[in-house]
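Notes for the one structure printed next.
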Protein chains: 2
Amino acid sequence: MDKNKGELSLIRFIRKRFPIRRKEILKGIGDDAMVFQNGFVVSTDSFFENIHFDLKYFSMYALGYHTMAASLSDLAAMGALPVCCLVSLHLTKNIGVKEIEQLYNGFEKMAKKYEFDIAGGDIVTSPGFGMTMTVIGRARKSLMRSGAKPGQALFITNFLGLAEVGRSVLKYNLPQKEYQDAVSKHLFPEPRIAEAQFIKQYATSCIDTSDGLSTDAIHLAEESRVKIVIDSEHIPIHSEVGEFCSIKKIDPLQFILSAGEDFELLFTARRLPKISRLKIFKIGRVMKGRGVYISVRGKEKRIEATGYEHLL
Amino acid sequence: MDKNKGELSLIRFIRKRFPIRRKEILKGIGDDAMVFQNGFVVSTDSFFENIHFDLKYFSMYALGYHTMAASLSDLAAMGALPVCCLVSLHLTKNIGVKEIEQLYNGFEKMAKKYEFDIAGGDIVTSPGFGMTMTVIGRARKSLMRSGAKPGQALFITNFLGLAEVGRSVLKYNLPQKEYQDAVSKHLFPEPRIAEAQFIKQYATSCIDTSDGLSTDAIHLAEESRVKIVIDSEHIPIHSEVGEFCSIKKIDPLQFILSAGEDFELLFTARRLPKISRLKIFKIGRVMKGRGVYISVRGKEKRIEATGYEHLL
């Protein structure tokens, strides 16, 4: 999920402090999920009211859908198919049985669509309403963040920035009619489970865009120990994102670099065959070196993790 | 973890609503952990400040030790050995890097003692300080709650009620010197991982005592579809529990029936060989029928789930 710089340095500290010792663990901290030798893939994500979601415009059904989709997105990024989910509910007194039923309607929609089980969890009283989802999936071979090689290309599924536009529209009560794709993207994001099954035949590394293009590209570059150049001219801009940025007088490129929670797949591959069924854009290149650069009219500029810090 | 009645009925609703469909899942909701066909065992537990722990007397080190032990206890109850843990930190502004380091010292102590890895997790800003731990273990054959048969005996490892005495002593600032075992039991409980490896050769069903003897015995009886009779005369009373109840003028039997978080193993077996290495007490019998009864001077009285509801 969304991380700020303090959290990222904390994760680095924990990772250094706790190197993986058990042979049955292929990958611990440092990817979208941990990976077992037997193909199991496990990820955990927490969500709290007024930090990760706003009940002013989230129905409990949408909340169940959204949080499950966000959690499954980590499995998609690993090229895994979901097997089950454990839900830890963090409850406050104002959340009644009816609300919980609607929340589980949202979970159920996802469970049916992606054919996995709600198989356990925990229910506790909490100082704030929220939930922690542990999703377990399986992949014969996992897609890691660490396989990008110089000479390969950088791809993205679909458009970026839509979810953050949707969030702003809902939060600041802008006219929803003109931002239907954006609003739907924020409330009902779709984990790219099916897309991952296709691209994993070709992809050398992959991450889901939860923290924003710049931060997520930096994760890929760091874990793969390569330099990534994003070609600004190749970043597709959805009309609603263009419209929003124009009204708000923001540079759409800057907006897309830092807007998170689109849950698209950012991945590298030598090349991809043409497929009309999926929307995939080539937006950059992998090179020798380190760091992430944005190329604007032929000029490369290094970018830092602007991250997605709406939680701060 | 500790459950009140509303939470238990909610769990029943979710369990009914989401029956397990995937073949690779042997056991979903309704035991201490979920169980996969490949031997993996997964459990998740959440803890929040002022609900599940009090930082007035918990050092961050003790908190790390306590929460990890409580989480591992679910693996012990299944007869599983821990493989790894994913920690989701729910952070507030008053928790600094130093505190988190000390918390991880507590986790590390457990990870070294029981040889598992801290392999992932999540860090988010939260309305209250807490954490959700997902522990993953492995067992060739899991110990379930559901195997008790009429004619078998009911056993408990060690004493009950100590942790709750310790909690009261710390909370109400009673003289700690006279309650050293109790205080240590609340701050630094021990998951019965090793004991489980021994008893699983003989046990037919098992649960850890996190909710209190009455509630946990009811879980065993319900899942096994049997009647359980607890012989009050056979319940061992630790001197500190006896002393505490005598001062507070509480019936020690009632106290032990409802005091939770001892994280001992309550299990059934046809019989056990004598072993001097472990403290195990025979405290009851399994019979045909339903429900849990306490036998006092030959008279059986049905007991309801008094539960462990200090969180309410």
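Every chain in the structure tokens takes a letter, A first, then B, and so on in the order presented; its residues are numbered from 1, and the ligands are numbered from 1 following the presented order.
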
- [ ] as a PyMOL selection string, list the residues of range 109-224 of chain B assigned to helix (DSSP H, G or I) by DSSP on the backbone atoms of this structure.
- [x] chain B and resi 109-113+162-171+176-187+193-199+213-224

May I have the selected residues written with C-alpha atoms, as a PDB file, in the first residue's frame?
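To be explicit, this is the file written out as again_20.pdb:
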```
ATOM      1  CA  LYS B 109      13.783 -12.939  20.664  1.00  0.00           C
ATOM      2  CA  MET B 110      10.854 -15.139  19.627  1.00  0.00           C
ATOM      3  CA  ALA B 111      12.118 -15.592  16.056  1.00  0.00           C
ATOM      4  CA  LYS B 112      15.458 -16.884  17.369  1.00  0.00           C
ATOM      5  CA  LYS B 113      13.905 -19.091  20.029  1.00  0.00           C
ATOM      6  CA  LEU B 162      -2.028 -16.603  36.068  1.00  0.00           C
ATOM      7  CA  ALA B 163      -1.993 -14.165  33.141  1.00  0.00           C
ATOM      8  CA  GLU B 164      -5.177 -12.438  34.285  1.00  0.00           C
ATOM      9  CA  VAL B 165      -3.803 -12.125  37.835  1.00  0.00           C
ATOM     10  CA  GLY B 166      -0.672 -10.588  36.330  1.00  0.00           C
ATOM     11  CA  ARG B 167      -2.709  -8.154  34.271  1.00  0.00           C
ATOM     12  CA  SER B 168      -4.678  -7.045  37.338  1.00  0.00           C
ATOM     13  CA  VAL B 169      -1.543  -6.694  39.444  1.00  0.00           C
ATOM     14  CA  LEU B 170       0.036  -4.462  36.794  1.00  0.00           C
ATOM     15  CA  LYS B 171      -3.125  -2.524  36.038  1.00  0.00           C
ATOM     16  CA  GLN B 176       4.497  -7.224  42.096  1.00  0.00           C
ATOM     17  CA  LYS B 177       6.889  -9.061  44.405  1.00  0.00           C
ATOM     18  CA  GLU B 178       4.170 -11.441  45.546  1.00  0.00           C
ATOM     19  CA  TYR B 179       2.969 -12.103  42.006  1.00  0.00           C
ATOM     20  CA  GLN B 180       6.153 -12.659  40.049  1.00  0.00           C
ATOM     21  CA  ASP B 181       4.926 -15.699  38.128  1.00  0.00           C
ATOM     22  CA  ALA B 182       1.665 -13.971  37.279  1.00  0.00           C
ATOM     23  CA  VAL B 183       3.284 -10.728  36.105  1.00  0.00           C
ATOM     24  CA  SER B 184       5.810 -12.588  34.005  1.00  0.00           C
ATOM     25  CA  LYS B 185       3.027 -14.728  32.545  1.00  0.00           C
ATOM     26  CA  HIS B 186       1.106 -11.651  31.383  1.00  0.00           C
ATOM     27  CA  LEU B 187       4.112  -9.819  29.961  1.00  0.00           C
ATOM     28  CA  ILE B 193       5.198 -25.054  20.629  1.00  0.00           C
ATOM     29  CA  ALA B 194       7.416 -27.764  22.117  1.00  0.00           C
ATOM     30  CA  GLU B 195       4.657 -29.194  24.318  1.00  0.00           C
ATOM     31  CA  ALA B 196       2.401 -29.457  21.271  1.00  0.00           C
ATOM     32  CA  GLN B 197       5.001 -31.544  19.451  1.00  0.00           C
ATOM     33  CA  PHE B 198       4.920 -34.006  22.312  1.00  0.00           C
ATOM     34  CA  ILE B 199       1.197 -34.138  22.996  1.00  0.00           C
ATOM     35  CA  LEU B 213     -11.333 -22.238  30.135  1.00  0.00           C
ATOM     36  CA  SER B 214     -15.137 -22.146  29.830  1.00  0.00           C
ATOM     37  CA  THR B 215     -15.236 -20.543  26.380  1.00  0.00           C
ATOM     38  CA  ASP B 216     -12.362 -22.615  25.046  1.00  0.00           C
ATOM     39  CA  ALA B 217     -13.875 -25.857  26.356  1.00  0.00           C
ATOM     40  CA  ILE B 218     -17.150 -24.863  24.670  1.00  0.00           C
ATOM     41  CA  HIS B 219     -15.269 -24.398  21.380  1.00  0.00           C
ATOM     42  CA  LEU B 220     -13.797 -27.896  21.727  1.00  0.00           C
ATOM     43  CA  ALA B 221     -17.173 -29.433  22.616  1.00  0.00           C
ATOM     44  CA  GLU B 222     -18.961 -27.630  19.761  1.00  0.00           C
ATOM     45  CA  GLU B 223     -16.436 -28.481  17.071  1.00  0.00           C
ATOM     46  CA  SER B 224     -16.155 -32.109  18.277  1.00  0.00           C
TER      47      SER B 224
END
```

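Separating CA of Leu266 in chain A from CA of Ala80 in chain A is a distance of 15.4 Å.
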
TODO: Identify every residue of chain B that has at least one atom within 7 Å of any atom of chain A, counting only C-alpha atoms, and report the result as a list in words.
DONE: Glu7, Phe18, Ile20, Arg21, Arg22, Gly28, Ile29, Met34, Thr44, Asp45, Ser46, Phe48, Asp117, Ile118, Ala119, Gly120, Gly121, Asp122, Ile123, Val124, Ser126, Pro127 and Gly128 of chain B

Open item on the list: Residues within 7 Å of Lys279 in chain B, please, as a VMD selection string. Count only C-alpha atoms; anything in the same chain fewer than 2 positions from it doesn't count.
Closed with: chain B and resid 157 to 158 277 281

Task: Option closest in space to Gln254 in chain B, from B:Gly161, B:Gly291, B:Gly96, B:Pro191 [counting only C-alpha atoms] - done: B:Gly161

Task: Length of the CA of Ile280 in chain B to CA of Leu265 in chain B vector [Å] - done: 9.3 Å

Task: Between CA of His234 in chain B and CA of Ser71 in chain B, distance in Å (one decimal) - done: 28.6 Å

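When DSSP is run on the backbone, the residues of range 122-227 of chain A that fall into strand (DSSP E or B) are Asp122, Ile123, Val124, Thr125, Gly130, Met131, Thr132, Met133, Thr134, Val135, Ile136, Gly137, Arg138, Ala153, Leu154, Phe155, Ile156, Thr157, Ala203, Thr204, Ser205, Cys206, Ile207, Asp208 and Lys227 of chain A.
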
Using C-alpha atoms, can you write the selected residues to a file as an mmCIF file, in the first residue's frame?
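This went into out14.cif:
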```
data_model
loop_
_atom_site.group_PDB
_atom_site.id
_atom_site.type_symbol
_atom_site.label_atom_id
_atom_site.label_comp_id
_atom_site.auth_asym_id
_atom_site.auth_seq_id
_atom_site.Cartn_x
_atom_site.Cartn_y
_atom_site.Cartn_z
ATOM 1 C CA ASP A 122 -9.824 -12.185 13.424
ATOM 2 C CA ILE A 123 -12.338 -9.694 14.826
ATOM 3 C CA VAL A 124 -11.248 -7.195 17.446
ATOM 4 C CA THR A 125 -12.390 -3.942 18.961
ATOM 5 C CA GLY A 130 -10.363 -0.689 9.581
ATOM 6 C CA MET A 131 -9.191 -4.064 8.399
ATOM 7 C CA THR A 132 -6.065 -6.034 7.659
ATOM 8 C CA MET A 133 -6.298 -8.429 4.734
ATOM 9 C CA THR A 134 -3.922 -11.335 4.280
ATOM 10 C CA VAL A 135 -4.202 -12.746 0.779
ATOM 11 C CA ILE A 136 -2.663 -16.056 -0.200
ATOM 12 C CA GLY A 137 -2.121 -17.012 -3.805
ATOM 13 C CA ARG A 138 -0.184 -19.470 -5.867
ATOM 14 C CA ALA A 153 11.371 -2.035 -22.287
ATOM 15 C CA LEU A 154 9.053 -0.688 -19.573
ATOM 16 C CA PHE A 155 5.297 -1.224 -19.906
ATOM 17 C CA ILE A 156 2.150 -0.208 -18.076
ATOM 18 C CA THR A 157 -1.346 -1.657 -18.238
ATOM 19 C CA ALA A 203 7.677 -10.042 -18.215
ATOM 20 C CA THR A 204 11.100 -10.011 -16.536
ATOM 21 C CA SER A 205 10.019 -7.876 -13.554
ATOM 22 C CA CYS A 206 6.730 -6.467 -12.280
ATOM 23 C CA ILE A 207 5.178 -4.267 -9.587
ATOM 24 C CA ASP A 208 1.683 -2.888 -9.065
ATOM 25 C CA LYS A 227 18.502 2.429 -14.533
#
```
